[in-house]
>>> print(open('final.pdb').read())   # PDB, C-alpha atoms
ATOM      1  CA  MET A  15     -12.219  -2.574  -8.282
ATOM      2  CA  ARG A  16     -15.829  -1.696  -8.730
ATOM      3  CA  GLY A  17     -17.033  -1.543 -12.313
ATOM      4  CA  ARG A  18     -19.474   1.244 -11.458
ATOM      5  CA  GLY A  19     -17.019   2.820  -9.089
ATOM      6  CA  ALA A  20     -16.927   6.550  -9.642
ATOM      7  CA  TRP A  21     -14.336   8.787  -8.172
ATOM      8  CA  ALA A  22     -15.046  12.389  -7.272
ATOM      9  CA  LEU A  23     -12.413  15.079  -7.479
ATOM     10  CA  GLY A  24     -12.648  17.679  -4.767
ATOM     11  CA  LEU A  25     -15.682  16.181  -3.073
ATOM     12  CA  ALA A  26     -14.943  17.849   0.216
ATOM     13  CA  PHE A  27     -15.691  21.094   1.951
ATOM     14  CA  ILE A  28     -13.666  23.384   4.162
ATOM     15  CA  PHE A  29     -15.061  25.032   7.216
ATOM     16  CA  PHE A  30     -13.420  27.687   9.323
ATOM     17  CA  VAL A  31     -14.436  28.277  12.898
ATOM     18  CA  ALA A  32     -13.297  30.858  15.407
ATOM     19  CA  ALA A  33     -11.664  29.917  18.673
ATOM     20  CA  SER A  34     -13.641  30.332  21.857
ATOM     21  CA  THR A  35     -11.597  33.442  22.673
ATOM     22  CA  GLY A  36     -13.055  35.130  19.616
ATOM     23  CA  GLU A  37      -9.698  35.162  17.847
ATOM     24  CA  ALA A  38     -10.021  34.016  14.227
ATOM     25  CA  ARG A  39      -7.833  30.940  14.309
ATOM     26  CA  PRO A  40      -8.660  28.755  11.313
ATOM     27  CA  SER A  41      -9.324  25.100  12.044
ATOM     28  CA  ALA A  42     -10.086  23.210   8.847
ATOM     29  CA  GLN A  43     -12.075  20.052   8.447
ATOM     30  CA  ALA A  44     -12.687  18.079   5.282
ATOM     31  CA  LEU A  45     -15.789  16.056   4.541
ATOM     32  CA  ILE A  46     -14.839  12.770   2.878
ATOM     33  CA  PRO A  47     -17.511  10.522   1.324
ATOM     34  CA  VAL A  48     -18.057   7.114   2.885
ATOM     35  CA  PRO A  49     -17.431   4.357   0.301
ATOM     36  CA  SER A  50     -20.134   1.993  -0.866
ATOM     37  CA  ALA A  51     -20.573  -1.157   1.210
ATOM     38  CA  GLY A  52     -17.551  -3.413   0.794
ATOM     39  CA  ASN A  53     -15.357  -0.713  -0.731
ATOM     40  CA  VAL A  54     -12.683   1.915  -0.019
ATOM     41  CA  THR A  55     -12.336   5.686  -0.428
ATOM     42  CA  VAL A  56      -8.943   7.428  -0.616
ATOM     43  CA  ALA A  57      -8.526  11.200  -0.122
ATOM     44  CA  ARG A  58      -5.460  13.424  -0.438
ATOM     45  CA  LEU A  59      -5.231  16.628   1.639
ATOM     46  CA  ALA A  60      -2.742  19.450   1.044
ATOM     47  CA  ILE A  61      -2.035  21.142   4.366
ATOM     48  CA  THR A  62      -0.214  24.366   5.269
ATOM     49  CA  ALA A  63       1.000  25.498   8.680
ATOM     50  CA  THR A  64       0.630  28.990  10.089
ATOM     51  CA  ALA A  65       3.513  30.856  11.697
ATOM     52  CA  GLY A  66       5.034  28.967  14.604
ATOM     53  CA  LYS A  67       3.654  25.574  13.502
ATOM     54  CA  SER A  68       5.849  24.818  10.480
ATOM     55  CA  LYS A  69       8.128  22.428  12.383
ATOM     56  CA  ILE A  70       5.261  20.416  13.868
ATOM     57  CA  SER A  71       3.526  17.628  11.962
ATOM     58  CA  PRO A  72      -0.269  17.978  12.203
ATOM     59  CA  ARG A  73      -2.234  15.236  13.921
ATOM     60  CA  LEU A  74      -5.512  14.504  12.165
ATOM     61  CA  ALA A  75      -8.631  13.570  14.104
ATOM     62  CA  LEU A  76     -12.163  12.581  13.278
ATOM     63  CA  ALA A  77     -14.540  15.458  13.956
ATOM     64  CA  SER A  78     -17.570  13.319  13.162
ATOM     65  CA  GLY A  79     -17.930   9.658  12.304
ATOM     66  CA  GLN A  80     -21.697   9.436  12.406
ATOM     67  CA  GLY A  81     -21.802   8.376   8.760
ATOM     68  CA  LEU A  82     -19.544   5.380   9.305
ATOM     69  CA  PRO A  83     -21.014   1.844   9.321
ATOM     70  CA  ALA A  84     -20.273  -0.205  12.419
ATOM     71  CA  THR A  85     -17.601  -2.283  10.637
ATOM     72  CA  ALA A  86     -15.861   0.704   8.999
ATOM     73  CA  TYR A  87     -12.501   2.150   9.957
ATOM     74  CA  VAL A  88     -10.392   5.144   8.938
ATOM     75  CA  ALA A  89      -6.597   5.377   8.695
ATOM     76  CA  ALA A  90      -4.386   8.310   7.717
ATOM     77  CA  THR A  91      -0.767   9.242   7.048
ATOM     78  CA  VAL A  92       0.900  12.665   7.111
ATOM     79  CA  SER A  93       4.131  13.506   5.244
ATOM     80  CA  ARG A  94       6.099  16.744   5.035
ATOM     81  CA  SER A  95       6.219  18.113   1.470
ATOM     82  CA  GLY A  96       8.128  21.357   2.089
ATOM     83  CA  PRO A  97       8.627  24.154   4.626
ATOM     84  CA  GLY A  98       5.330  24.500   6.433
ATOM     85  CA  ARG A  99       3.605  22.173   3.926
ATOM     86  CA  PHE A 100       2.277  18.653   4.389
ATOM     87  CA  GLN A 101       0.450  15.976   2.417
ATOM     88  CA  ALA A 102      -2.088  13.778   4.216
ATOM     89  CA  THR A 103      -3.721  10.645   2.837
ATOM     90  CA  VAL A 104      -6.956   9.415   4.412
ATOM     91  CA  ALA A 105      -8.343   5.935   3.670
ATOM     92  CA  VAL A 106     -11.915   5.022   4.611
ATOM     93  CA  PHE A 107     -12.712   1.283   4.577
ATOM     94  CA  SER A 108     -16.245  -0.101   4.708
ATOM     95  CA  PRO A 109     -16.036  -3.920   4.860
ATOM     96  CA  ALA A 110     -19.249  -5.701   3.880
ATOM     97  CA  PRO A 111     -20.534  -9.038   5.244
ATOM     98  CA  SER A 112     -21.121 -10.574   1.790
ATOM     99  CA  ALA A 113     -19.784 -10.411  -1.758
ATOM    100  CA  SER A 114     -22.284  -7.923  -3.118
ATOM    101  CA  PRO A 115     -20.314  -4.981  -4.547
ATOM    102  CA  GLN A 116     -23.182  -3.531  -6.584
ATOM    103  CA  GLN A 117     -24.445  -1.328  -3.780
ATOM    104  CA  PRO A 118     -25.908   2.167  -4.226
ATOM    105  CA  ALA A 119     -23.543   4.987  -3.378
ATOM    106  CA  SER A 120     -24.061   6.477   0.061
ATOM    107  CA  ALA A 121     -24.475  10.196   0.681
ATOM    108  CA  LYS A 122     -22.831   9.881   4.101
ATOM    109  CA  VAL A 123     -19.531  11.563   4.894
ATOM    110  CA  VAL A 124     -16.905  11.571   7.625
ATOM    111  CA  ALA A 125     -15.376  14.830   8.851
ATOM    112  CA  VAL A 126     -11.598  14.897   9.318
ATOM    113  CA  ARG A 127     -10.350  17.787  11.447
ATOM    114  CA  LEU A 128      -6.962  19.492  11.385
ATOM    115  CA  PRO A 129      -5.494  20.949  14.590
ATOM    116  CA  GLN A 130      -5.397  24.690  15.093
ATOM    117  CA  GLY A 131      -2.489  26.298  13.303
ATOM    118  CA  PHE A 132      -3.044  24.220  10.169
ATOM    119  CA  THR A 133      -5.403  24.644   7.264
ATOM    120  CA  LEU A 134      -6.172  23.079   3.903
ATOM    121  CA  ALA A 135      -4.289  24.653   1.012
ATOM    122  CA  ALA A 136      -6.689  23.339  -1.635
ATOM    123  CA  ARG A 137      -9.804  21.267  -2.005
ATOM    124  CA  PRO A 138      -9.151  17.655  -1.091
ATOM    125  CA  GLN A 139      -8.862  15.209  -3.968
ATOM    126  CA  VAL A 140     -11.018  12.110  -3.528
ATOM    127  CA  ALA A 141     -11.026   8.716  -5.227
ATOM    128  CA  ARG A 142     -14.124   6.813  -4.155
ATOM    129  CA  ASP A 143     -14.822   3.069  -4.433
ATOM    130  CA  VAL A 144     -11.348   1.971  -5.524
ATOM    131  CA  LEU A 145     -11.550  -1.745  -4.705
ATOM    132  CA  TYR A 146     -12.555  -2.848  -8.202
ATOM    133  CA  THR A 147     -11.888  -1.157 -11.576
ATOM    134  CA  ASN A 148     -11.710   2.636 -11.181
ATOM    135  CA  PRO A 149     -10.171   5.624 -12.988
ATOM    136  CA  ILE A 150      -6.609   6.381 -11.896
ATOM    137  CA  PRO A 151      -6.600   9.317  -9.425
ATOM    138  CA  SER A 152      -5.042  12.634 -10.413
ATOM    139  CA  PHE A 153      -3.018  12.798  -7.203
ATOM    140  CA  ARG A 154       0.221  10.847  -7.072
ATOM    141  CA  LEU A 155       0.904   7.715  -5.075
ATOM    142  CA  LEU A 156       2.615   8.752  -1.837
ATOM    143  CA  GLY A 157       4.485   6.315   0.389
ATOM    144  CA  GLY A 158       5.676   6.614   3.962
ATOM    145  CA  GLY A 159       4.499   9.221   6.429
ATOM    146  CA  VAL A 160       3.364   9.069  10.032
ATOM    147  CA  GLY A 161       0.327   6.803  10.246
ATOM    148  CA  SER A 162      -2.601   6.698  12.663
ATOM    149  CA  ILE A 163      -6.029   5.105  13.055
ATOM    150  CA  LEU A 164      -8.695   7.787  13.211
ATOM    151  CA  ALA A 165     -11.753   5.586  13.746
ATOM    152  CA  GLY A 166     -12.832   1.970  13.919
ATOM    153  CA  ALA A 167     -13.933  -0.376  16.665
ATOM    154  CA  ASN A 168     -11.851  -3.249  15.281
ATOM    155  CA  PRO A 169      -9.234  -2.017  12.765
ATOM    156  CA  PRO A 170      -6.968  -4.599  11.115
ATOM    157  CA  ARG A 171      -3.762  -5.635  12.832
ATOM    158  CA  LEU A 172      -1.543  -3.866  10.353
ATOM    159  CA  PRO A 173       0.544  -0.707  10.786
ATOM    160  CA  PRO A 174      -1.611   2.326   9.881
ATOM    161  CA  ALA A 175       0.883   3.459   7.227
ATOM    162  CA  ARG A 176       0.625   0.044   5.580
ATOM    163  CA  ILE A 177      -3.185   0.219   5.600
ATOM    164  CA  VAL A 178      -3.066   3.602   3.857
ATOM    165  CA  GLY A 179      -0.402   2.330   1.455
ATOM    166  CA  ASP A 180      -2.586  -0.646   0.518
ATOM    167  CA  ALA A 181      -5.553   1.660  -0.105
ATOM    168  CA  GLN A 182      -3.436   3.756  -2.462
ATOM    169  CA  GLN A 183      -2.246   0.646  -4.311
ATOM    170  CA  LEU A 184      -5.889  -0.283  -4.872
ATOM    171  CA  ALA A 185      -6.654   3.225  -6.125
ATOM    172  CA  PHE A 186      -3.804   2.987  -8.638
ATOM    173  CA  GLU A 187      -4.873  -0.511  -9.799
ATOM    174  CA  ARG A 188      -1.813  -2.184  -8.318
ATOM    175  CA  SER A 189      -1.409  -5.408  -6.409
ATOM    176  CA  VAL A 190      -1.398  -5.474  -2.621
ATOM    177  CA  PRO A 191       0.164  -8.244  -0.517
ATOM    178  CA  LEU A 192      -2.171 -11.241  -0.528
ATOM    179  CA  VAL A 193      -2.167 -11.534   3.254
ATOM    180  CA  ASP A 194      -3.173  -7.884   3.653
ATOM    181  CA  VAL A 195      -6.431  -8.286   1.711
ATOM    182  CA  GLY A 196      -7.806 -10.749   4.240
ATOM    183  CA  LEU A 197      -6.710  -8.626   7.197
ATOM    184  CA  LEU A 198      -8.285  -5.519   5.648
ATOM    185  CA  GLY A 199     -11.646  -7.330   5.571
ATOM    186  CA  LEU A 200     -12.135  -6.884   1.825
ATOM    187  CA  GLU A 201     -14.002  -9.310  -0.437
ATOM    188  CA  TYR A 202     -11.689  -9.494  -3.368
ATOM    189  CA  VAL A 203      -9.666 -11.656  -5.732
ATOM    190  CA  ALA A 204      -6.101 -10.504  -5.094
ATOM    191  CA  ALA A 205      -3.468 -11.001  -7.794
ATOM    192  CA  GLN A 206       0.273 -10.493  -7.746
ATOM    193  CA  PHE A 207       2.430 -10.491 -10.882
ATOM    194  CA  SER A 208       6.178 -10.933 -11.251
ATOM    195  CA  ARG A 209       8.299 -11.319 -14.390
ATOM    196  CA  LEU A 210      10.291 -14.526 -14.796
ATOM    197  CA  ASP A 211      11.570 -13.416 -18.223
ATOM    198  CA  PRO A 212      10.337 -10.931 -20.872
ATOM    199  CA  THR A 213       7.410 -13.129 -21.967
ATOM    200  CA  THR A 214       6.735 -15.171 -18.817
ATOM    201  CA  LEU A 215       4.775 -14.068 -15.772
ATOM    202  CA  LYS A 216       4.303 -15.683 -12.412
ATOM    203  CA  VAL A 217       0.744 -14.994 -11.258
ATOM    204  CA  THR A 218      -0.305 -15.628  -7.652
ATOM    205  CA  LEU A 219      -4.006 -15.459  -6.818
ATOM    206  CA  GLY A 220      -5.691 -15.265  -3.439
ATOM    207  CA  LEU A 221      -9.457 -15.184  -2.866
ATOM    208  CA  TYR A 222     -11.251 -13.394  -0.055
ATOM    209  CA  LEU A 223     -14.935 -13.854  -0.931
ATOM    210  CA  ASP A 224     -17.984 -15.301   0.752
ATOM    211  CA  THR A 225     -19.162 -16.569  -2.649
ATOM    212  CA  GLN A 226     -17.610 -19.799  -3.890
ATOM    213  CA  VAL A 227     -15.469 -19.278  -6.999
ATOM    214  CA  ASN A 228     -14.613 -22.053  -9.422
ATOM    215  CA  ALA A 229     -13.097 -20.111 -12.348
ATOM    216  CA  ILE A 230     -10.961 -16.987 -12.780
ATOM    217  CA  GLU A 231     -10.259 -15.310 -16.103
ATOM    218  CA  LEU A 232      -7.158 -13.240 -16.851
ATOM    219  CA  ARG A 233      -7.328 -11.143 -20.018
ATOM    220  CA  PHE A 234      -4.168  -9.570 -21.414
ATOM    221  CA  PRO A 235      -3.799  -6.538 -23.730
ATOM    222  CA  ASP A 236      -4.877  -6.809 -27.359
ATOM    223  CA  GLY A 237      -2.217  -8.281 -29.614
ATOM    224  CA  THR A 238      -1.054 -10.685 -26.900
ATOM    225  CA  THR A 239      -1.661 -14.428 -27.060
ATOM    226  CA  VAL A 240      -1.484 -16.743 -24.064
ATOM    227  CA  ASP A 241       0.685 -19.584 -25.376
ATOM    228  CA  LYS A 242       0.889 -21.801 -22.300
ATOM    229  CA  VAL A 243      -0.072 -21.854 -18.625
ATOM    230  CA  SER A 244       1.476 -24.034 -15.945
ATOM    231  CA  ALA A 245      -1.133 -24.538 -13.200
ATOM    232  CA  PRO A 246      -0.915 -26.005  -9.681
ATOM    233  CA  ALA A 247      -2.183 -29.530  -9.072
ATOM    234  CA  ASP A 248      -5.645 -28.342  -7.977
ATOM    235  CA  ALA A 249      -6.332 -26.157 -11.026
ATOM    236  CA  ASP A 250      -6.527 -26.379 -14.820
ATOM    237  CA  ALA A 251      -6.003 -23.701 -17.482
ATOM    238  CA  LEU A 252      -7.951 -23.053 -20.671
ATOM    239  CA  LEU A 253      -6.282 -20.966 -23.403
ATOM    240  CA  LEU A 254      -8.591 -18.409 -25.062
ATOM    241  CA  GLY A 255      -6.407 -16.248 -27.299
ATOM    242  CA  THR A 256      -5.663 -13.099 -25.303
ATOM    243  CA  ALA A 257      -7.115 -14.694 -22.162
ATOM    244  CA  THR A 258      -6.816 -17.751 -19.981
ATOM    245  CA  ARG A 259      -9.431 -19.232 -17.673
ATOM    246  CA  LEU A 260      -8.069 -20.843 -14.543
ATOM    247  CA  VAL A 261     -10.497 -23.466 -13.289
ATOM    248  CA  ALA A 262     -10.433 -25.113  -9.857
ATOM    249  CA  SER A 263     -10.257 -28.837 -10.581
ATOM    250  CA  SER A 264     -11.431 -29.744  -7.070
ATOM    251  CA  GLY A 265     -14.679 -27.755  -7.446
ATOM    252  CA  PHE A 266     -13.965 -24.370  -5.853
ATOM    253  CA  TYR A 267     -11.010 -22.236  -4.911
ATOM    254  CA  THR A 268     -10.341 -22.033  -1.172
ATOM    255  CA  ASP A 269     -10.454 -18.602   0.447
ATOM    256  CA  GLY A 270      -7.157 -17.381   1.821
ATOM    257  CA  VAL A 271      -5.022 -19.913  -0.074
ATOM    258  CA  ALA A 272      -2.391 -18.686  -2.540
ATOM    259  CA  TYR A 273      -2.517 -20.273  -6.021
ATOM    260  CA  SER A 274       0.498 -19.778  -8.298
ATOM    261  CA  PHE A 275       0.438 -20.022 -12.098
ATOM    262  CA  THR A 276       3.119 -19.504 -14.730
ATOM    263  CA  VAL A 277       1.779 -17.748 -17.850
ATOM    264  CA  HIS A 278       3.735 -17.768 -21.116
ATOM    265  CA  LEU A 279       2.832 -14.939 -23.515
ATOM    266  CA  SER A 280       3.496 -14.388 -27.200
ATOM    267  CA  ARG A 281       5.183 -11.034 -26.645
ATOM    268  CA  PRO A 282       6.650  -8.949 -23.828
ATOM    269  CA  LEU A 283       4.320  -6.606 -21.985
ATOM    270  CA  LYS A 284       5.249  -3.085 -20.944
ATOM    271  CA  LYS A 285       5.339  -1.822 -17.389
ATOM    272  CA  GLY A 286       1.915  -0.379 -16.629
ATOM    273  CA  ASP A 287       0.018  -2.595 -19.078
ATOM    274  CA  PHE A 288      -3.226  -3.773 -17.512
ATOM    275  CA  VAL A 289      -4.445  -7.318 -16.949
ATOM    276  CA  ALA A 290      -8.222  -7.636 -16.497
ATOM    277  CA  LEU A 291      -9.588 -10.191 -14.029
ATOM    278  CA  ARG A 292     -13.059 -11.723 -13.708
ATOM    279  CA  ALA A 293     -14.252 -14.412 -11.322
ATOM    280  CA  SER A 294     -17.214 -16.757 -11.654
ATOM    281  CA  ALA A 295     -19.156 -19.074  -9.404
ATOM    282  CA  HIS A 296     -20.632 -20.968 -12.398
ATOM    283  CA  TYR A 297     -17.788 -21.483 -14.900
ATOM    284  CA  PHE A 298     -18.690 -18.180 -16.581
ATOM    285  CA  GLU A 299     -22.295 -19.079 -17.229
ATOM    286  CA  SER A 300     -22.512 -15.980 -15.033
ATOM    287  CA  SER A 301     -19.826 -13.767 -13.525
ATOM    288  CA  LEU A 302     -19.587 -12.185 -10.127
ATOM    289  CA  PRO A 303     -20.794  -8.572 -10.347
ATOM    290  CA  PHE A 304     -17.401  -6.914 -10.418
ATOM    291  CA  THR A 305     -14.286  -6.683 -12.538
ATOM    292  CA  GLU A 306     -10.735  -5.939 -11.511
ATOM    293  CA  ARG A 307      -7.610  -4.859 -13.314
ATOM    294  CA  PHE A 308      -3.966  -4.806 -12.353
ATOM    295  CA  ALA A 309      -1.096  -2.710 -13.675
ATOM    296  CA  LEU A 310       1.928  -4.901 -14.422
ATOM    297  CA  PRO A 311       5.132  -4.064 -12.529
TER     298      PRO A 311
END
>>> encode(input="final.pdb", output="structure tokens")
Amino acid sequence: MRGRGAWALGLAFIFFVAASTGEARPSAQALIPVPSAGNVTVARLAITATAGKSKISPRLALASGQGLPATAYVAATVSRSGPGRFQATVAVFSPAPSASPQQPASAKVVAVRLPQGFTLAARPQVARDVLYTNPIPSFRLLGGGVGSILAGANPPRLPPARIVGDAQQLAFERSVPLVDVGLLGLEYVAAQFSRLDPTTLKVTLGLYLDTQVNAIELRFPDGTTVDKVSAPADADALLLGTATRLVASSGFYTDGVAYSFTVHLSRPLKKGDFVALRASAHYFESSLPFTERFALP
């Protein structure tokens, strides 16, 4: 998730327009910032229904997508949160053609429109550029809901609710299924962690980068020592105190292939502890211009 990635709280605006009959029927639309090239923006909308609409789930639509790059797509979910109240999550993806995450932030926005009879109860909360390391959003992670694709000439072949769920996992520094990363069109080193016992982790890595990677570093919390790493036949592990460097013995890691390692630690880690990840194309003589981190399950 992008090292420079900044997230903006409430970076959206609400507009009210009158119906053509002249009757003041509020129709809200939120402006959501387009992510930097190769990144993802996640927005949470609190929605209320007017009288007569409380039993109907609102269908979001894109009022304007002029700010979207040609490869971008937008997915959304809507969940009921109470009588006449709903929570919507909008995910804006902007896949990039090359591994170059250090892109200037764009001032472009997309406008998401609510149907008549629904309005925004508060300013939308926005987490921008969540693919690399980012602050944890103030809104909570929300699963389920009715999903839809709002824009995109060639969206991934995944259920819309799963696309939005993956975007939220990225925002909360959690692992997403390795296969999803490739389908989402993201350039990323995906990592999944599972506990084999209190001090042993199984780590599965999957690369989706145009740049060739020959070494990946995992750094664990202070006070933890990496005692031993069992690597697959096409990789070697170097022990560096709180870190381990996983080096491709055949030259480079292969994109889209899952690599599994077993990491033995000196002490148990707590749920929510973070593991930092770096990747290098030159055995850490230089690193790729991003860092990632993952919250342990």
>>> resolve_selection(input="final.pdb", expression="the PyMOL selection byres ((chain A and resi 221-235) around 6)", output="list in words")
Ser112, Ala113, Glu201, Tyr202, Val203, Gly220, Asp236, Thr238, Thr256, Ala257, Thr258, Arg259, Leu260, Val261, Ala262, Phe266, Tyr267, Asp269, Gly270, Val289, Ala290, Leu291, Arg292, Ala293, Ser294, Ala295 and Tyr297 of chain A
>>> closest_residue(input="final.pdb", among="A:Arg171, A:Arg73, A:Arg58, A:Lys285", to="Val195 in chain A", atoms="all atoms listed in the file")
A:Arg171
>>> residues_around(input="final.pdb", residues="Ala175 in chain A", least_positions_apart="6", cutoff="9 Å", atoms="all atoms listed in the file", output="VMD selection string")
chain A and resid 89 to 91 157 to 162
>>> resolve_selection(input="final.pdb", expression="the PyMOL selection byres ((chain A and resi 47-50) around 6)", output="mmCIF file with C-alpha atoms, in the frame of the given file")
data_model
loop_
_atom_site.group_PDB
_atom_site.id
_atom_site.type_symbol
_atom_site.label_atom_id
_atom_site.label_comp_id
_atom_site.auth_asym_id
_atom_site.auth_seq_id
_atom_site.Cartn_x
_atom_site.Cartn_y
_atom_site.Cartn_z
ATOM 1 C CA ILE A 46 -14.839 12.770 2.878
ATOM 2 C CA ALA A 51 -20.573 -1.157 1.210
ATOM 3 C CA ASN A 53 -15.357 -0.713 -0.731
ATOM 4 C CA VAL A 54 -12.683 1.915 -0.019
ATOM 5 C CA THR A 55 -12.336 5.686 -0.428
ATOM 6 C CA ALA A 119 -23.543 4.987 -3.378
ATOM 7 C CA LYS A 122 -22.831 9.881 4.101
ATOM 8 C CA VAL A 123 -19.531 11.563 4.894
ATOM 9 C CA ASP A 143 -14.822 3.069 -4.433
#
>>> closest_residue(input="final.pdb", among="A:Ala165, A:Phe107, A:Pro151, A:Lys284", to="Ala125 in chain A", atoms="only C-alpha atoms")
A:Ala165
